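Source file: final.txt. Holds: compact mmCIF, C-alpha atoms and all ligand atoms.
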```
# COMPACT_ATOMS: atom_id res chain seq x y z
CA MET A 53 0.00 0.00 0.00
CA LYS A 54 1.33 3.43 -0.91
CA THR A 55 1.58 5.84 2.05
CA LYS A 56 -0.19 9.15 1.57
CA LYS A 57 2.18 12.10 1.25
CA THR A 58 1.94 14.50 4.18
CA TYR A 59 3.51 17.93 4.54
CA ILE A 60 4.08 19.26 8.04
CA LEU A 61 5.33 22.78 8.71
CA GLY A 62 7.46 23.10 11.86
CA ILE A 63 7.97 26.43 13.63
CA GLU A 64 10.64 27.03 16.27
CA SER A 65 10.95 30.25 18.31
CA SER A 66 11.91 29.16 21.83
CA CYS A 67 15.07 31.23 22.22
CA ASP A 68 17.04 33.37 19.76
CA ASP A 69 16.58 31.45 16.50
CA THR A 70 13.52 31.99 14.33
CA ALA A 71 13.14 28.82 12.29
CA ALA A 72 10.71 27.06 9.96
CA ALA A 73 10.98 23.74 8.14
CA VAL A 74 8.83 21.48 5.99
CA ILE A 75 8.96 17.70 6.31
CA SER A 76 7.30 15.18 4.03
CA ASN A 77 7.28 11.54 5.11
CA SER A 78 10.44 11.95 7.26
CA VAL A 79 12.33 13.78 4.51
CA ILE A 80 13.20 17.43 5.21
CA LEU A 81 12.27 19.57 2.19
CA SER A 82 13.36 22.89 3.70
CA ASP A 83 15.07 23.98 6.90
CA ILE A 84 15.38 27.75 7.38
CA VAL A 85 16.99 29.37 10.42
CA ALA A 86 17.39 33.10 11.02
CA SER A 87 19.79 33.54 13.94
CA GLN A 88 19.50 36.79 15.85
CA SER A 89 22.97 38.31 15.89
CA ILE A 90 21.75 41.33 17.91
CA HIS A 91 22.40 39.41 21.19
CA GLU A 92 26.15 39.27 20.52
CA LEU A 93 26.29 42.93 21.55
CA TYR A 94 25.01 42.03 25.03
CA GLY A 95 27.00 38.84 25.71
CA GLY A 96 23.82 36.73 26.02
CA VAL A 97 20.21 36.49 24.88
CA VAL A 98 18.09 39.52 25.83
CA PRO A 99 14.53 38.09 26.09
CA GLU A 100 12.72 41.31 25.16
CA LEU A 101 14.85 41.78 22.04
CA ALA A 102 14.43 38.11 21.11
CA SER A 103 10.62 38.38 21.02
CA ARG A 104 10.78 41.54 18.90
CA GLU A 105 13.15 39.87 16.44
CA HIS A 106 10.91 36.79 16.21
CA GLN A 107 7.99 39.02 15.36
CA LYS A 108 9.98 40.62 12.53
CA LEU A 109 11.39 37.39 11.17
CA ILE A 110 8.67 34.78 11.54
CA LEU A 111 6.64 35.55 8.42
CA PRO A 112 9.63 35.84 6.02
CA VAL A 113 11.15 32.67 7.49
CA VAL A 114 7.93 30.65 7.08
CA LYS A 115 7.45 31.99 3.53
CA LYS A 116 11.00 31.00 2.65
CA ALA A 117 10.51 27.50 4.09
CA LEU A 118 7.40 26.95 1.95
CA GLU A 119 9.11 28.34 -1.16
CA LYS A 120 12.20 26.18 -0.69
CA ALA A 121 9.99 23.10 -0.18
CA LYS A 122 8.20 24.08 -3.43
CA ILE A 123 4.77 23.88 -1.81
CA ASN A 124 2.13 26.39 -0.85
CA THR A 125 -0.07 26.61 2.22
CA SER A 126 -2.84 24.54 0.60
CA ASN A 127 -0.50 21.51 0.54
CA LEU A 128 0.10 21.57 4.30
CA SER A 129 -1.32 18.73 6.42
CA ALA A 130 -0.61 20.29 9.86
CA ILE A 131 1.33 22.99 11.70
CA ALA A 132 3.72 21.97 14.47
CA PHE A 133 5.21 24.53 16.83
CA THR A 134 7.39 24.67 19.97
CA ASN A 135 5.31 25.39 23.07
CA GLY A 136 8.20 25.04 25.59
CA PRO A 137 10.58 25.06 27.27
CA GLY A 138 12.06 28.45 26.44
CA LEU A 139 11.63 32.18 26.83
CA ILE A 140 7.97 33.07 27.29
CA GLY A 141 7.92 36.07 24.94
CA SER A 142 9.76 34.14 22.22
CA LEU A 143 7.52 31.09 22.56
CA MET A 144 4.40 33.25 22.37
CA VAL A 145 5.35 34.62 18.96
CA GLY A 146 5.64 31.14 17.42
CA THR A 147 2.59 29.82 19.26
CA SER A 148 0.30 32.66 18.18
CA PHE A 149 1.59 32.49 14.63
CA ALA A 150 1.04 28.71 14.43
CA LYS A 151 -2.47 28.97 15.91
CA SER A 152 -3.52 31.67 13.44
CA MET A 153 -2.15 29.71 10.51
CA SER A 154 -3.84 26.49 11.60
CA LEU A 155 -7.14 28.31 12.09
CA ALA A 156 -6.94 30.09 8.73
CA LEU A 157 -5.98 26.93 6.82
CA LYS A 158 -8.33 24.65 8.83
CA ILE A 159 -5.58 22.11 9.46
CA PRO A 160 -4.48 20.46 12.73
CA LEU A 161 -2.27 22.20 15.27
CA ILE A 162 0.48 20.20 17.01
CA SER A 163 2.42 21.45 20.03
CA VAL A 164 5.98 20.17 20.41
CA ASN A 165 8.31 19.95 23.41
CA HIS A 166 11.60 21.52 22.27
CA MET A 167 13.79 19.09 24.27
CA LYS A 168 11.94 16.00 23.03
CA ALA A 169 12.30 17.40 19.51
CA HIS A 170 16.10 17.64 19.92
CA ILE A 171 16.02 13.88 20.62
CA LEU A 172 13.54 12.98 17.86
CA ALA A 173 15.68 14.82 15.29
CA HIS A 174 17.51 11.48 15.12
CA PHE A 175 14.52 10.07 13.18
CA ILE A 176 14.82 12.51 10.28
CA GLU A 177 15.68 10.50 7.19
CA ASP A 178 19.39 10.78 6.55
CA PRO A 179 21.38 8.47 4.27
CA GLU A 180 24.41 8.83 6.54
CA ASN A 181 22.64 8.03 9.83
CA SER A 182 20.39 5.14 10.79
CA ASN A 183 17.53 5.59 13.29
CA PRO A 184 18.37 4.66 16.89
CA SER A 185 16.53 1.62 18.21
CA PHE A 186 14.50 1.78 21.44
CA PRO A 187 15.29 1.92 24.28
CA PHE A 188 18.18 4.35 24.06
CA LEU A 189 19.87 6.99 26.21
CA ALA A 190 19.94 10.60 25.04
CA LEU A 191 22.42 13.15 26.33
CA THR A 192 20.72 16.49 25.65
CA ILE A 193 23.20 19.32 25.97
CA SER A 194 22.28 22.87 25.07
CA GLY A 195 22.49 26.45 26.30
CA GLY A 196 19.59 25.92 28.68
CA HIS A 197 19.60 22.19 29.42
CA THR A 198 21.79 19.24 30.29
CA GLN A 199 19.98 15.97 30.78
CA ILE A 200 20.30 12.24 30.42
CA VAL A 201 17.01 10.86 29.14
CA LYS A 202 15.90 7.25 28.81
CA VAL A 203 13.88 7.04 25.62
CA ASN A 204 11.52 4.05 25.54
CA SER A 205 9.49 5.13 22.51
CA TYR A 206 8.74 8.29 20.50
CA PHE A 207 6.47 9.54 23.22
CA GLU A 208 7.70 7.85 26.40
CA MET A 209 10.80 9.52 27.80
CA HIS A 210 12.16 9.62 31.37
CA GLU A 211 14.72 12.05 32.70
CA LEU A 212 17.39 10.10 34.60
CA GLY A 213 19.57 13.08 35.48
CA LYS A 214 19.84 16.79 34.89
CA THR A 215 21.98 19.78 35.77
CA LEU A 216 21.40 21.22 39.21
CA ASP A 217 22.58 24.66 38.11
CA ASP A 218 24.20 25.78 34.82
CA ALA A 219 23.81 23.89 31.55
CA ALA A 220 26.82 22.55 29.61
CA GLY A 221 26.33 25.30 27.01
CA GLU A 222 26.41 27.92 29.76
CA ALA A 223 29.68 26.45 31.03
CA PHE A 224 31.13 27.17 27.58
CA ASP A 225 29.44 30.54 27.11
CA LYS A 226 30.01 32.02 30.58
CA SER A 227 33.63 30.85 30.75
CA GLY A 228 34.15 32.18 27.22
CA LYS A 229 32.89 35.57 28.34
CA VAL A 230 35.52 35.60 31.12
CA ILE A 231 38.28 35.30 28.49
CA GLY A 232 36.68 37.88 26.20
CA LEU A 233 34.97 35.63 23.64
CA LYS A 234 31.75 36.68 21.95
CA TYR A 235 28.41 35.03 22.78
CA PRO A 236 27.81 32.15 22.17
CA ALA A 237 31.39 31.15 22.98
CA GLY A 238 30.91 27.37 22.56
CA PRO A 239 31.75 27.15 18.82
CA GLU A 240 34.76 29.49 19.22
CA ILE A 241 36.17 27.50 22.17
CA ASP A 242 35.79 24.35 20.08
CA LYS A 243 37.74 25.97 17.24
CA LEU A 244 40.52 27.44 19.41
CA SER A 245 40.90 24.17 21.36
CA LYS A 246 42.10 22.39 18.24
CA LYS A 247 45.45 24.18 18.60
CA GLY A 248 45.75 23.75 22.39
CA ASP A 249 46.91 21.25 24.98
CA PRO A 250 43.89 19.82 26.87
CA ASN A 251 46.07 18.80 29.83
CA LYS A 252 47.87 22.10 30.32
CA PHE A 253 45.54 23.49 33.02
CA LYS A 254 43.46 21.50 35.52
CA PHE A 255 39.98 22.59 36.51
CA THR A 256 37.73 21.15 39.21
CA LYS A 257 35.30 18.37 38.41
CA PRO A 258 32.18 18.56 40.62
CA LYS A 259 31.16 15.76 42.94
CA VAL A 260 27.47 15.27 42.24
CA SER A 261 25.66 12.10 43.20
CA GLY A 262 23.65 9.94 40.81
CA LEU A 263 23.23 11.03 37.21
CA ASN A 264 22.89 14.74 37.90
CA PHE A 265 25.34 17.38 36.72
CA SER A 266 26.69 20.66 38.07
CA PHE A 267 28.70 23.26 36.19
CA SER A 268 28.56 26.33 38.43
CA GLY A 269 31.57 25.27 40.53
CA LEU A 270 33.66 24.87 37.39
CA LYS A 271 32.60 28.35 36.24
CA THR A 272 33.77 29.88 39.55
CA ASN A 273 36.97 27.83 39.53
CA PHE A 274 37.69 29.00 35.98
CA LEU A 275 36.98 32.65 36.81
CA ASN A 276 39.22 32.58 39.92
CA PHE A 277 42.01 30.84 38.00
CA ILE A 278 41.96 33.40 35.18
CA ASN A 279 41.82 36.36 37.61
CA LYS A 280 44.77 34.98 39.58
CA GLN A 281 46.87 34.39 36.46
CA VAL A 282 46.05 37.81 35.00
CA ARG A 283 47.26 39.45 38.21
CA ILE A 284 50.64 37.75 37.61
CA ASN A 285 50.73 38.30 33.85
CA GLU A 286 48.26 40.70 32.27
CA ASP A 287 48.68 38.97 28.90
CA PHE A 288 48.00 35.51 30.35
CA VAL A 289 44.80 34.96 28.34
CA LYS A 290 46.34 36.14 25.07
CA ASP A 291 49.51 34.10 25.64
CA ASN A 292 47.65 30.89 26.56
CA LEU A 293 44.32 31.17 24.72
CA TYR A 294 44.52 27.82 22.89
CA ASP A 295 45.57 25.86 25.99
CA ILE A 296 42.96 27.57 28.19
CA CYS A 297 40.20 26.67 25.73
CA ALA A 298 41.41 23.09 25.22
CA SER A 299 41.72 22.50 29.00
CA LEU A 300 38.26 23.95 29.69
CA GLN A 301 36.66 21.93 26.89
CA HIS A 302 38.45 18.81 28.12
CA VAL A 303 36.98 19.03 31.63
CA ILE A 304 33.43 19.80 30.38
CA VAL A 305 33.52 16.80 28.04
CA ASP A 306 34.96 14.63 30.82
CA ILE A 307 32.11 15.55 33.19
CA LEU A 308 29.55 14.66 30.50
CA MET A 309 31.24 11.38 29.54
CA ASP A 310 31.59 10.20 33.18
CA LYS A 311 27.83 10.45 33.70
CA LEU A 312 26.98 8.91 30.35
CA ILE A 313 29.16 5.88 31.16
CA LYS A 314 27.49 5.62 34.57
CA ALA A 315 23.99 5.86 33.02
CA SER A 316 24.78 3.17 30.47
CA LYS A 317 26.16 0.84 33.17
CA GLU A 318 23.19 1.40 35.47
CA THR A 319 20.51 0.92 32.82
CA GLY A 320 22.28 -1.70 30.72
CA ILE A 321 21.42 0.41 27.65
CA ASN A 322 24.21 0.83 25.12
CA THR A 323 22.50 2.75 22.35
CA ILE A 324 23.48 6.36 22.94
CA VAL A 325 22.43 9.52 21.12
CA ILE A 326 23.57 13.09 21.69
CA CYS A 327 21.60 16.19 20.87
CA GLY A 328 21.31 19.93 21.46
CA GLY A 329 23.66 22.76 20.51
CA VAL A 330 26.66 21.47 22.47
CA SER A 331 26.50 18.13 20.61
CA ALA A 332 28.14 20.02 17.72
CA ASN A 333 31.34 20.02 19.80
CA SER A 334 34.14 18.12 18.09
CA GLU A 335 35.71 16.80 21.32
CA ILE A 336 32.37 15.34 22.45
CA ARG A 337 31.99 13.67 19.07
CA LYS A 338 35.51 12.28 19.30
CA MET A 339 35.12 11.01 22.87
CA LEU A 340 31.80 9.38 22.06
CA LYS A 341 33.50 7.37 19.36
CA VAL A 342 36.33 6.44 21.73
CA ASN A 343 33.82 5.34 24.37
CA SER A 344 31.72 3.45 21.85
CA GLU A 345 34.71 1.19 21.18
CA LYS A 346 35.61 0.88 24.85
CA HIS A 347 32.08 0.17 26.12
CA ASN A 348 30.56 -1.43 23.05
CA TRP A 349 28.10 1.42 22.49
CA LYS A 350 26.10 2.08 19.36
CA VAL A 351 26.29 5.86 19.08
CA HIS A 352 24.18 8.22 16.99
CA ILE A 353 25.65 11.64 16.32
CA PRO A 354 23.38 14.20 14.66
CA LYS A 355 24.13 16.13 11.50
CA LEU A 356 25.60 19.53 12.47
CA SER A 357 22.58 21.49 11.23
CA TYR A 358 20.31 19.47 13.57
CA THR A 359 22.37 20.15 16.70
CA THR A 360 21.67 23.83 17.37
CA ASP A 361 18.08 25.07 17.39
CA ASN A 362 16.22 24.30 14.19
CA ALA A 363 12.70 23.69 12.98
CA ALA A 364 13.46 20.41 11.19
CA MET A 365 13.30 18.67 14.57
CA ILE A 366 9.96 20.36 15.31
CA ALA A 367 8.58 19.26 11.95
CA MET A 368 9.84 15.69 12.56
CA THR A 369 8.16 15.52 15.97
CA GLY A 370 5.05 17.06 14.41
CA GLN A 371 4.97 14.31 11.81
CA LEU A 372 5.25 11.56 14.46
CA LYS A 373 2.41 13.14 16.44
CA PHE A 374 0.33 13.59 13.26
CA GLU A 375 0.74 9.90 12.40
CA ASN A 376 -0.43 9.03 15.91
CA ASN A 377 -3.33 11.51 15.92
CA ILE A 378 -1.90 13.58 18.77
CA PHE A 379 -3.19 17.11 18.19
CA SER A 380 -3.52 20.28 20.26
CA ASP A 381 -6.50 22.56 20.68
CA TYR A 382 -6.59 26.34 20.49
CA GLU A 383 -6.48 26.62 24.29
CA THR A 384 -2.91 25.28 24.20
CA SER A 385 -0.55 27.82 25.66
CA THR A 386 3.19 28.16 26.01
CA ASN A 387 4.97 26.57 28.93
CA PRO A 388 8.44 28.09 29.49
CA ARG A 389 9.27 25.32 32.00
CA LEU A 390 7.87 22.37 30.06
CA LYS A 391 9.47 19.10 31.23
CA ILE A 392 10.55 16.10 29.15
O1 LIG B 401 20.40 23.92 21.40
P1 LIG B 401 20.91 25.31 21.26
O2 LIG B 401 21.09 25.87 19.87
O3 LIG B 401 20.02 26.34 22.00
C1 LIG B 401 19.43 26.09 23.24
O4 LIG B 401 18.32 25.48 23.25
O5 LIG B 401 20.09 26.45 24.24
O6 LIG B 401 22.32 25.38 22.04
C2 LIG B 401 23.09 26.54 22.09
C3 LIG B 401 24.35 26.23 22.89
C4 LIG B 401 25.19 27.47 23.21
O7 LIG B 401 25.51 27.43 24.58
C5 LIG B 401 26.45 27.28 22.34
O8 LIG B 401 27.61 27.84 22.89
C6 LIG B 401 26.55 25.77 22.30
O9 LIG B 401 25.21 25.34 22.17
N1 LIG B 401 27.37 25.28 21.18
C7 LIG B 401 28.57 24.67 21.35
C8 LIG B 401 29.05 24.38 20.04
N2 LIG B 401 28.12 24.80 19.13
C9 LIG B 401 27.11 25.36 19.85
N3 LIG B 401 29.25 24.36 22.45
C10 LIG B 401 30.45 23.76 22.30
N4 LIG B 401 30.98 23.45 21.09
C11 LIG B 401 30.32 23.73 19.95
N5 LIG B 401 30.86 23.41 18.76
ZN ZN B 402 17.67 23.76 21.87
```
Could you spell out this file's structure in structure tokens?
Amino acid sequence: MKTKKTYILGIESSCDDTAAAVISNSVILSDIVASQSIHELYGGVVPELASREHQKLILPVVKKALEKAKINTSNLSAIAFTNGPGLIGSLMVGTSFAKSMSLALKIPLISVNHMKAHILAHFIEDPENSNPSFPFLALTISGGHTQIVKVNSYFEMHELGKTLDDAAGEAFDKSGKVIGLKYPAGPEIDKLSKKGDPNKFKFTKPKVSGLNFSFSGLKTNFLNFINKQVRINEDFVKDNLYDICASLQHVIVDILMDKLIKASKETGINTIVICGGVSANSEIRKMLKVNSEKHNWKVHIPKLSYTTDNAAMIAMTGQLKFENNIFSDYETSTNPRLKI
């Protein structure tokens, strides 16, 4: 039997990326992201500015996604949108836009949990990556979250551990700010680390029980270390930039890997996926491969464009919900603290 072609539009506006994508039967036809560079000036996302930018960008971004997919609104089967977690003002722009579009086109509305979508991005059809098989463990690492999630099925997920304070992305971004890097510092630290010695400087690893994480102690340790060194040599950062970045990245990746190994041992699950902005990091990718050989893991590493915030993952989750008749009504509102 031939499956009917469906076209789902995904809309993402939870933080500082305005994004829209069209998926048809697990194949992404378009994936448009407009990143808001305005926040670079402030060293972090300014919520009020983010909502204003979303309002400016959302219509052009959606139009572009439809054009690139070579479809028009009458072809759409449903509209999927992020309803949380995220910044309330940002989420409200995408939510209101999606509701209006669904109402005008008389097609179903599907709300999507941003963090679940990061995980389900692994089901987007990709000739270079196979789908993970259930159950699997997902390490979700982004600017706002750090979690280990046990994924039993598309819709049944359990958080096994999470950060008690800062997220892994914040550990990169806030430490980067201390050494004068622009926001978000994660990609730059990754790049600079390639020329540095990861064992040159030692930073504290937190002692956190179970599968939880903590990064705030590391941030303070890093700040104190840099301040102390700068008092001795005012050019310390400039003179040691590569080694500072490589050593910082090394300890962050180590903290993440320790808990992932623990989670795999405790659950007996050896299919591991990584997702979220920080999963773009080259050292994490390398160490996952090293650990997959050591611990007999089957690892799934996402395509770079599906690591940071995107709407392809929202469209993918929308499609899975559409196929399972899981729709939202017009009372659905945003939930900035939505849990997995
Ligand atoms: O998932 P994401 O795009 O947005 C959130 O939902 O937070 O993640 C953004 C985070 C930022 O903290 C950024 O510095 C980090 O992902 N990031 C990286 C890399 N690329 C992005 N961190 C380390 N290495 C990278 N290559
Ligand atoms: Zn994200």
**Q.** Nearby residues (only C-alpha atoms) at most 6 Å from region 361-367 of chain A, same-chain spacing under 3 positions excluded, as a PyMOL selection string
**A.** chain A and resi 60-64+71-73+75+83+169+173+370
Could you save the residues just selected, with C-alpha atoms, as a short mmCIF file (atom, residue, chain, number, x, y, z; two decimals), in the coordinates of the input?
```
data_model
loop_
_atom_site.label_atom_id
_atom_site.label_comp_id
_atom_site.auth_asym_id
_atom_site.auth_seq_id
_atom_site.Cartn_x
_atom_site.Cartn_y
_atom_site.Cartn_z
CA ILE A 60 4.08 19.26 8.04
CA LEU A 61 5.33 22.78 8.71
CA GLY A 62 7.46 23.10 11.86
CA ILE A 63 7.97 26.43 13.63
CA GLU A 64 10.64 27.03 16.27
CA ALA A 71 13.14 28.82 12.29
CA ALA A 72 10.71 27.06 9.96
CA ALA A 73 10.98 23.74 8.14
CA ILE A 75 8.96 17.70 6.31
CA ASP A 83 15.07 23.98 6.90
CA ALA A 169 12.30 17.40 19.51
CA ALA A 173 15.68 14.82 15.29
CA GLY A 370 5.05 17.06 14.41
#
```
Quick one: which region 130-189 of chain A residues come within 12 Å of region 351-354 of chain A, and what is the nearest atom pair for each with the distance in Å to one decimal, counting all atoms listed in the file, rows ordered by chain and ascending number, as CSV?
```
residue,atom,partner,partner_atom,distance
A:His170,CA,A:Pro354,CA,9.6
A:Ile171,CA,A:Pro354,CA,9.5
A:Leu172,CA,A:Pro354,CA,10.4
A:Ala173,CA,A:Pro354,CA,7.8
A:His174,CA,A:Pro354,CA,6.5
A:Phe175,CA,A:Pro354,CA,9.9
A:Ile176,CA,A:Pro354,CA,9.8
A:Glu177,CA,A:Pro354,CA,11.3
A:Asp178,CA,A:Pro354,CA,9.7
A:Glu180,CA,A:Pro354,CA,9.8
A:Asn181,CA,A:His352,CA,7.3
A:Ser182,CA,A:His352,CA,7.9
A:Asn183,CA,A:His352,CA,8.1
A:Pro184,CA,A:His352,CA,6.8
A:Ser185,CA,A:His352,CA,10.2
A:Phe188,CA,A:Val351,CA,9.6
A:Leu189,CA,A:Val351,CA,9.7
```
Show me a table, sorted first by chain and then by increasing residue number, of the residues of chain A having an atom at most 7 Å from ligand ZN 402 (chain B), each with its shortest atom pair and the distance in Å to one decimal, counting all atoms listed in the file and written as a Markdown table.
```
| residue | atom | partner | partner_atom | distance |
| --- | --- | --- | --- | --- |
| A:His166 | CA | B:ZN402 | ZN | 6.5 |
| A:Met167 | CA | B:ZN402 | ZN | 6.5 |
| A:His170 | CA | B:ZN402 | ZN | 6.6 |
| A:Ser194 | CA | B:ZN402 | ZN | 5.7 |
| A:Gly328 | CA | B:ZN402 | ZN | 5.3 |
| A:Gly329 | CA | B:ZN402 | ZN | 6.2 |
| A:Thr360 | CA | B:ZN402 | ZN | 6.0 |
| A:Asp361 | CA | B:ZN402 | ZN | 4.7 |
```
(Q) Please identify all protein, DNA and RNA residues within 10 Å of ligand LIG 401 (chain B), counting only C-alpha atoms and all ligand atoms, and report them as a PyMOL selection string. (A) chain A and resi 66-69+87+96+137-138+166-167+170+192-198+219-226+228+234-243+245+301+304-305+327-337+356-362
Quick one: everything within 12 Å of Ser261 (chain A), counting all atoms listed in the file, minus sequence neighbours fewer than 5 positions away in the same chain. Send it as a PDB file with C-alpha atoms, in the coordinates of the input.
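To be explicit, this is the file written out as around_15.pdb:
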```pdb
ATOM      1  CA  GLY A 213      19.570  13.080  35.480  1.00  0.00           C
ATOM      2  CA  LYS A 214      19.840  16.790  34.890  1.00  0.00           C
ATOM      3  CA  THR A 215      21.980  19.780  35.770  1.00  0.00           C
ATOM      4  CA  LEU A 216      21.400  21.220  39.210  1.00  0.00           C
ATOM      5  CA  SER A 266      26.690  20.660  38.070  1.00  0.00           C
ATOM      6  CA  ASP A 310      31.590  10.200  33.180  1.00  0.00           C
ATOM      7  CA  LYS A 311      27.830  10.450  33.700  1.00  0.00           C
ATOM      8  CA  LYS A 314      27.490   5.620  34.570  1.00  0.00           C
TER       9      LYS A 314
END
```
Q.
Nearest residue to Asp291 (chain A) out of A:Ile231, A:Ile307, A:Glu375, A:Pro112, using all atoms listed in the file?
A.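 The answer is A:Ile231, which sits nearest to Asp291 (chain A).
Coordinates place CA of Lys271 (chain A) at a distance of 18.6 Å from CA of Leu244 (chain A).
Using only C-alpha atoms, the shortest contact distance between Ser205 (chain A) and any of A:Thr125, A:Phe186, A:Val289, A:Tyr94 is found at A:Phe186.
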Q) Suppose you want the space between CA of Lys108 (chain A) and CA of Thr70 (chain A); what is it in Å? A)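 Between CA of Lys108 (chain A) and CA of Thr70 (chain A) the gap is 9.5 Å.
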**Q.** Distance in Å - CA of Leu372 (chain A) versus CA of Tyr206 (chain A)
**A.**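 Rounded to one decimal, the two atoms are 7.7 Å apart.
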Q. Which one is closest to Leu128 (chain A): A:Ala156, A:Ile378, A:Val342, A:Leu93? Count all atoms listed in the file.
A.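 Closest candidate: A:Ala156.
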Q) When distances are computed from only C-alpha atoms, which of A:Phe267, A:Ala130, A:Ser103, A:Gln199 shows the smallest separation from Ala150 (chain A)? A)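 Closest candidate: A:Ala130.
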Q: May I ask which of the residues A:Ala102, A:Leu308, A:Met209, A:Leu139 is the closest one to Asn387 (chain A), counting only C-alpha atoms?
A: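 Selected residue with least distance to Asn387 (chain A): A:Leu139.
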Q) Counting only C-alpha atoms, which of A:Lys391, A:Lys290, A:Lys254, A:His347 gets nearest to Leu312 (chain A)? A) A:His347
